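These notes concern the structure reproduced below.
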Amino acid sequence: MLGLELVVLLGVAVLVGNAVGRRLGIAPPVVLLTVGVLLGFIPQVRQAQLPPEVVLLLFLPVLLYWESLTTSLREIRTTANPVHRLRTRSTSYAQDQQECCLP
């Protein structure tokens with residue numbers, strides 16, 4: 001399956017999943033998860049490969065733009081310190097594990 005066909009198929013699946021979820025009163029992420037699992041059973045979709053450039057050029061900018069509009073500064077400020085501490089600890093732990101296992 002070509003990259004463009006896969007992108008169109010995924011786009012249609014997202015639109016249909018959202019419409020069905022709203023019409024039935026089910027949360028759209030639950031419907032999208034179900035649609036994704038069902039699409040995974042189709043052999044042509046399972047074997048499809050999406051080039052990384054497509055993800056970087058089509059999907060990532062849309063996700064980042066949407067999050068920039070919907071994320072509040074208050075939420076960023078409240079989670080910045082715990083995220084920073086977790087990042088520092090996990091980096092230190094990974095470095096300790098690497099030093100431990102090197103010959």
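Every chain in the structure tokens takes a letter, A first, then B, and so on in the order presented; its residues are numbered from 1, and the ligands are numbered from 1 following the presented order.
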
Quiz item: Could you write out, as a ChimeraX atom specification, all the residues of chain A that DSSP marks as helix (DSSP H, G or I)?
Solution: /A:3-24,28-40,43-46,52-70,73-101

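Of the listed residues (A:Val83, A:Ile26, A:Ala13, A:Ile76), A:Ala13 comes nearest to Leu38 of chain A; the distances count only C-alpha atoms.
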
Quiz prompt | Nearby residues (only C-alpha atoms) at most 10 Å from Val14 of chain A, same-chain spacing under 3 positions excluded, as a ChimeraX atom specification | solution = /A:8-11,17-20,28-29,31-33,35-36

Export C-alpha atoms of the chosen residues as a CSV table (one decimal), in the first residue's frame?
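Written output follows (part37.csv):
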```
chain,number,residue,atom,x,y,z
A,8,VAL,CA,-6.1,8.9,3.1
A,9,LEU,CA,-7.3,5.6,4.7
A,10,LEU,CA,-6.3,6.8,8.2
A,11,GLY,CA,-7.9,10.2,7.6
A,17,GLY,CA,-14.7,7.2,13.9
A,18,ASN,CA,-15.4,10.7,15.3
A,19,ALA,CA,-18.7,10.9,13.6
A,20,VAL,CA,-19.9,7.5,14.8
A,28,PRO,CA,-14.5,9.3,20.2
A,29,PRO,CA,-11.1,8.0,21.4
A,31,VAL,CA,-14.3,4.4,18.8
A,32,LEU,CA,-11.0,5.4,17.2
A,33,LEU,CA,-9.2,2.7,19.3
A,35,VAL,CA,-11.4,1.2,14.5
A,36,GLY,CA,-7.6,1.0,14.8
```
